[in-house]
Amino acid sequence: MSDPFRNLGALYQKVQVHSDRVMDTYAGKFKCRKGCSDCCSSDRSVSAVEYANVARVLAELPEKKLARLKSQPRSKKRCSMLLDGNCAVYEARPLICRGHGLPLVLERSKGRQMVDVCPLNFTDGSLATVPREDLLAQGTVDSILVAVNALYCQEEGGDPRKRRQVAELLELSLIHISEPTRRTPI
C-alpha cells in the first residue's frame with residue numbers, strides 16, 4: 001500500500017516553500033514568530049486526511065507531552081493543540097494553520113477576490129503593493145486539498161465531505177491512536 005499521506009506532504013511542502021519565500025522577502029512586515037498563537041482559535045475544521053495526519057503525530061508524542069495536552073482546560077478561543085503557546089503537532093498542523101499570517105487572495109462571490117492578511121502583519125499599508133505571485137491563492141490550495149482528501153478517503157475509507165473541529169482533534173484522535181494500525185478510516 002502506498003503512503004496515504006504522501007500527497008498531503010507534497011501539498012504542505014509547496015505551501016512551505018511559498019511561505020518561506022514570502023516570509024524572507026517581507027521579513028520586516030511580519031509579526032509572526034514562534035510562540036505567537038493569535039491565529040490559533042479552536043473554531044477551525046479539518047478534512048479527514050488532515051485529521052488522520054494529526055492523529056498520527058499525536059500517537060508519536062512522548063507520553064508526558066500527550067498527558068499535558070489532555071489535561072489542559074479546553075477553551076473555544078484557543079486551539080487544543082497549543083502547549084505553552086506553541087503547536088504540539090507543528091509538523092502536522094493543518095493547511096488552515098499553515099496559511100495564517102501570510103498574505104492571501106481569497107475567492108469571493110461572483111468571481112471577486114479579496115486580499116487578506118493577519119492584522120498584525122503589513123501594518124504599514126504595504127499589502128496593496130504585494131505582487132500576485134507573493135499571495136497564497138487560498139482557493140487553489142483548498143481545491144488541491146479537496147482532491148488529496150478525496151484520494152485519501154478512497155484509499156483508506158471514509159467520507160471526504162466529513163470535517164472535524166480542531167477543538168475536537170485531541171479527544172477524537174486519542175480514540176483512534178490506540179488502534180494497532182494508527183490509520184483508522186475516518
# chains A, B, ... in the order shown; residues from 1 in each chain; ligands from 1
call {"tool": "residues_around", "arguments": {"residues": "A:Ala150", "least_positions_apart": "5", "cutoff": "9 Å", "atoms": "only C-alpha atoms", "output": "PyMOL selection string"}}
result
chain A and resi 48-49+145+155+159-161
call {"tool": "write_last_selection", "arguments": {"atoms": "N, CA, C and O atoms", "output": "PDB file, in the first residue's frame"}}
result
ATOM      1  N   ALA A  48     -10.563  14.851   6.528  1.00  0.00           N
ATOM      2  CA  ALA A  48     -10.231  13.515   7.051  1.00  0.00           C
ATOM      3  C   ALA A  48      -8.737  13.238   6.985  1.00  0.00           C
ATOM      4  O   ALA A  48      -8.156  12.706   7.933  1.00  0.00           O
ATOM      5  N   VAL A  49      -8.092  13.583   5.863  1.00  0.00           N
ATOM      6  CA  VAL A  49      -6.660  13.296   5.726  1.00  0.00           C
ATOM      7  C   VAL A  49      -5.848  14.119   6.725  1.00  0.00           C
ATOM      8  O   VAL A  49      -4.884  13.615   7.310  1.00  0.00           O
ATOM      9  N   LEU A 145      -6.365  20.453  -1.782  1.00  0.00           N
ATOM     10  CA  LEU A 145      -6.625  19.695  -0.556  1.00  0.00           C
ATOM     11  C   LEU A 145      -7.875  18.830  -0.706  1.00  0.00           C
ATOM     12  O   LEU A 145      -7.897  17.681  -0.249  1.00  0.00           O
ATOM     13  N   GLU A 155      -8.742   5.587  -0.710  1.00  0.00           N
ATOM     14  CA  GLU A 155      -7.759   4.549  -0.380  1.00  0.00           C
ATOM     15  C   GLU A 155      -7.933   3.993   1.028  1.00  0.00           C
ATOM     16  O   GLU A 155      -7.745   2.809   1.265  1.00  0.00           O
ATOM     17  N   ASP A 159     -15.543   9.304   4.540  1.00  0.00           N
ATOM     18  CA  ASP A 159     -16.361  10.253   3.790  1.00  0.00           C
ATOM     19  C   ASP A 159     -15.553  11.516   3.542  1.00  0.00           C
ATOM     20  O   ASP A 159     -15.208  12.220   4.495  1.00  0.00           O
ATOM     21  N   PRO A 160     -15.242  11.842   2.281  1.00  0.00           N
ATOM     22  CA  PRO A 160     -14.431  13.039   2.010  1.00  0.00           C
ATOM     23  C   PRO A 160     -15.129  14.349   2.376  1.00  0.00           C
ATOM     24  O   PRO A 160     -14.479  15.378   2.476  1.00  0.00           O
ATOM     25  N   ARG A 161     -16.425  14.312   2.608  1.00  0.00           N
ATOM     26  CA  ARG A 161     -17.151  15.535   2.981  1.00  0.00           C
ATOM     27  C   ARG A 161     -17.131  15.789   4.482  1.00  0.00           C
ATOM     28  O   ARG A 161     -17.454  16.881   4.932  1.00  0.00           O
TER      29      ARG A 161
END
call {"tool": "closest_atom_pairs", "arguments": {"of": "stretch 103-152 of chain A", "to": "stretch 29-36 of chain A", "cutoff": "12 Å", "atoms": "only C-alpha atoms", "output": "JSON lines"}}
result
{"residue": "A:Pro103", "atom": "CA", "partner": "A:Phe30", "partner_atom": "CA", "distance": 10.1}
{"residue": "A:Val117", "atom": "CA", "partner": "A:Phe30", "partner_atom": "CA", "distance": 10.0}
{"residue": "A:Cys118", "atom": "CA", "partner": "A:Phe30", "partner_atom": "CA", "distance": 9.0}
{"residue": "A:Pro119", "atom": "CA", "partner": "A:Lys31", "partner_atom": "CA", "distance": 9.5}
{"residue": "A:Leu120", "atom": "CA", "partner": "A:Lys31", "partner_atom": "CA", "distance": 6.1}
{"residue": "A:Asn121", "atom": "CA", "partner": "A:Phe30", "partner_atom": "CA", "distance": 4.7}
{"residue": "A:Phe122", "atom": "CA", "partner": "A:Lys29", "partner_atom": "CA", "distance": 4.8}
{"residue": "A:Thr123", "atom": "CA", "partner": "A:Lys29", "partner_atom": "CA", "distance": 7.3}
{"residue": "A:Asp124", "atom": "CA", "partner": "A:Lys29", "partner_atom": "CA", "distance": 8.0}
{"residue": "A:Gly125", "atom": "CA", "partner": "A:Lys29", "partner_atom": "CA", "distance": 9.9}
{"residue": "A:Ser126", "atom": "CA", "partner": "A:Lys29", "partner_atom": "CA", "distance": 8.6}
{"residue": "A:Leu127", "atom": "CA", "partner": "A:Lys29", "partner_atom": "CA", "distance": 9.2}
{"residue": "A:Val130", "atom": "CA", "partner": "A:Lys29", "partner_atom": "CA", "distance": 11.1}
call {"tool": "atom_distance", "arguments": {"atom1": "atom CA of A:Asp3", "atom2": "atom CA of A:Gly157"}}
result
14.1 Å
call {"tool": "select_by_dssp", "arguments": {"residues": "stretch 31-114 of chain A", "states": "alpha helix (DSSP H)", "output": "ChimeraX atom specification"}}
result
/A:48-60,63-71,95-98
call {"tool": "residues_around", "arguments": {"residues": "A:Ala88", "least_positions_apart": "6", "cutoff": "10 Å", "atoms": "only C-alpha atoms", "output": "PyMOL selection string"}}
result
chain A and resi 54+57-58+61+65-66+69+80-82
call {"tool": "closest_residue", "arguments": {"among": "A:Ile96, A:Pro131, A:Val148, A:Glu107", "to": "A:Ser45", "atoms": "only C-alpha atoms"}}
result
A:Ile96
call {"tool": "select_by_dssp", "arguments": {"residues": "chain A", "states": "strand (DSSP E or B)", "output": "PDB file with N, CA and C atoms, in the first residue's frame"}}
result
ATOM      1  N   SER A  45     -12.084  23.806  11.179  1.00  0.00           N
ATOM      2  CA  SER A  45     -12.360  22.389  10.903  1.00  0.00           C
ATOM      3  C   SER A  45     -11.335  21.871   9.918  1.00  0.00           C
ATOM      4  N   VAL A  46     -11.122  20.556   9.939  1.00  0.00           N
ATOM      5  CA  VAL A  46     -10.120  19.933   9.074  1.00  0.00           C
ATOM      6  C   VAL A  46     -10.716  18.739   8.348  1.00  0.00           C
ATOM      7  N   SER A  75     -10.899  25.470  25.727  1.00  0.00           N
ATOM      8  CA  SER A  75     -11.433  26.806  25.516  1.00  0.00           C
ATOM      9  C   SER A  75     -11.862  26.948  24.068  1.00  0.00           C
ATOM     10  N   ARG A  78      -9.150  28.984  22.000  1.00  0.00           N
ATOM     11  CA  ARG A  78      -7.769  28.523  21.930  1.00  0.00           C
ATOM     12  C   ARG A  78      -7.728  27.111  21.377  1.00  0.00           C
ATOM     13  N   LEU A  82      -2.396  23.612  21.327  1.00  0.00           N
ATOM     14  CA  LEU A  82      -1.395  24.533  21.878  1.00  0.00           C
ATOM     15  C   LEU A  82      -0.914  24.045  23.227  1.00  0.00           C
ATOM     16  N   LEU A  83       0.397  24.082  23.387  1.00  0.00           N
ATOM     17  CA  LEU A  83       1.021  23.715  24.654  1.00  0.00           C
ATOM     18  C   LEU A  83       2.090  24.766  24.928  1.00  0.00           C
ATOM     19  N   ASN A  86       2.790  27.097  22.041  1.00  0.00           N
ATOM     20  CA  ASN A  86       3.345  26.533  20.804  1.00  0.00           C
ATOM     21  C   ASN A  86       2.498  25.352  20.344  1.00  0.00           C
ATOM     22  N   CYS A  87       2.505  25.113  19.052  1.00  0.00           N
ATOM     23  CA  CYS A  87       1.742  23.999  18.490  1.00  0.00           C
ATOM     24  C   CYS A  87       2.454  22.679  18.791  1.00  0.00           C
ATOM     25  N   LEU A 104      -2.967  36.470   1.685  1.00  0.00           N
ATOM     26  CA  LEU A 104      -3.810  35.520   0.968  1.00  0.00           C
ATOM     27  C   LEU A 104      -4.678  36.233  -0.060  1.00  0.00           C
ATOM     28  N   VAL A 105      -4.964  35.544  -1.149  1.00  0.00           N
ATOM     29  CA  VAL A 105      -6.000  36.010  -2.050  1.00  0.00           C
ATOM     30  C   VAL A 105      -7.148  35.025  -1.890  1.00  0.00           C
ATOM     31  N   LEU A 106      -8.311  35.543  -1.537  1.00  0.00           N
ATOM     32  CA  LEU A 106      -9.491  34.732  -1.253  1.00  0.00           C
ATOM     33  C   LEU A 106     -10.532  34.949  -2.341  1.00  0.00           C
ATOM     34  N   GLU A 107     -11.148  33.873  -2.767  1.00  0.00           N
ATOM     35  CA  GLU A 107     -12.215  33.945  -3.769  1.00  0.00           C
ATOM     36  C   GLU A 107     -13.507  34.347  -3.061  1.00  0.00           C
ATOM     37  N   GLN A 113     -12.342  38.790  -5.854  1.00  0.00           N
ATOM     38  CA  GLN A 113     -11.270  38.328  -4.985  1.00  0.00           C
ATOM     39  C   GLN A 113     -10.977  39.383  -3.928  1.00  0.00           C
ATOM     40  N   MET A 114     -10.463  38.906  -2.824  1.00  0.00           N
ATOM     41  CA  MET A 114     -10.110  39.792  -1.728  1.00  0.00           C
ATOM     42  C   MET A 114      -8.722  39.407  -1.238  1.00  0.00           C
ATOM     43  N   VAL A 115      -7.884  40.381  -0.965  1.00  0.00           N
ATOM     44  CA  VAL A 115      -6.568  40.131  -0.392  1.00  0.00           C
ATOM     45  C   VAL A 115      -6.689  40.351   1.112  1.00  0.00           C
ATOM     46  N   ASP A 116      -6.142  39.417   1.875  1.00  0.00           N
ATOM     47  CA  ASP A 116      -6.259  39.479   3.326  1.00  0.00           C
ATOM     48  C   ASP A 116      -4.943  39.033   3.959  1.00  0.00           C
ATOM     49  N   LEU A 136      -0.754  33.890  -1.333  1.00  0.00           N
ATOM     50  CA  LEU A 136      -1.150  32.485  -1.334  1.00  0.00           C
ATOM     51  C   LEU A 136      -2.586  32.405  -1.858  1.00  0.00           C
ATOM     52  N   ALA A 137      -2.768  31.704  -2.964  1.00  0.00           N
ATOM     53  CA  ALA A 137      -4.092  31.563  -3.577  1.00  0.00           C
ATOM     54  C   ALA A 137      -4.873  30.510  -2.794  1.00  0.00           C
ATOM     55  N   ARG A 164     -13.887  17.762  10.818  1.00  0.00           N
ATOM     56  CA  ARG A 164     -13.866  17.754  12.284  1.00  0.00           C
ATOM     57  C   ARG A 164     -13.309  19.078  12.787  1.00  0.00           C
ATOM     58  N   GLN A 165     -13.849  19.521  13.894  1.00  0.00           N
ATOM     59  CA  GLN A 165     -13.371  20.755  14.505  1.00  0.00           C
ATOM     60  C   GLN A 165     -11.997  20.527  15.116  1.00  0.00           C
TER      61      GLN A 165
END
call {"tool": "closest_residue", "arguments": {"among": "A:Arg68, A:Lys14, A:Arg108, A:Ser47", "to": "A:Gly158", "atoms": "only C-alpha atoms"}}
result
A:Ser47
call {"tool": "atom_distance", "arguments": {"atom1": "atom CA of A:Lys70", "atom2": "atom CA of A:Glu168"}}
result
11.3 Å
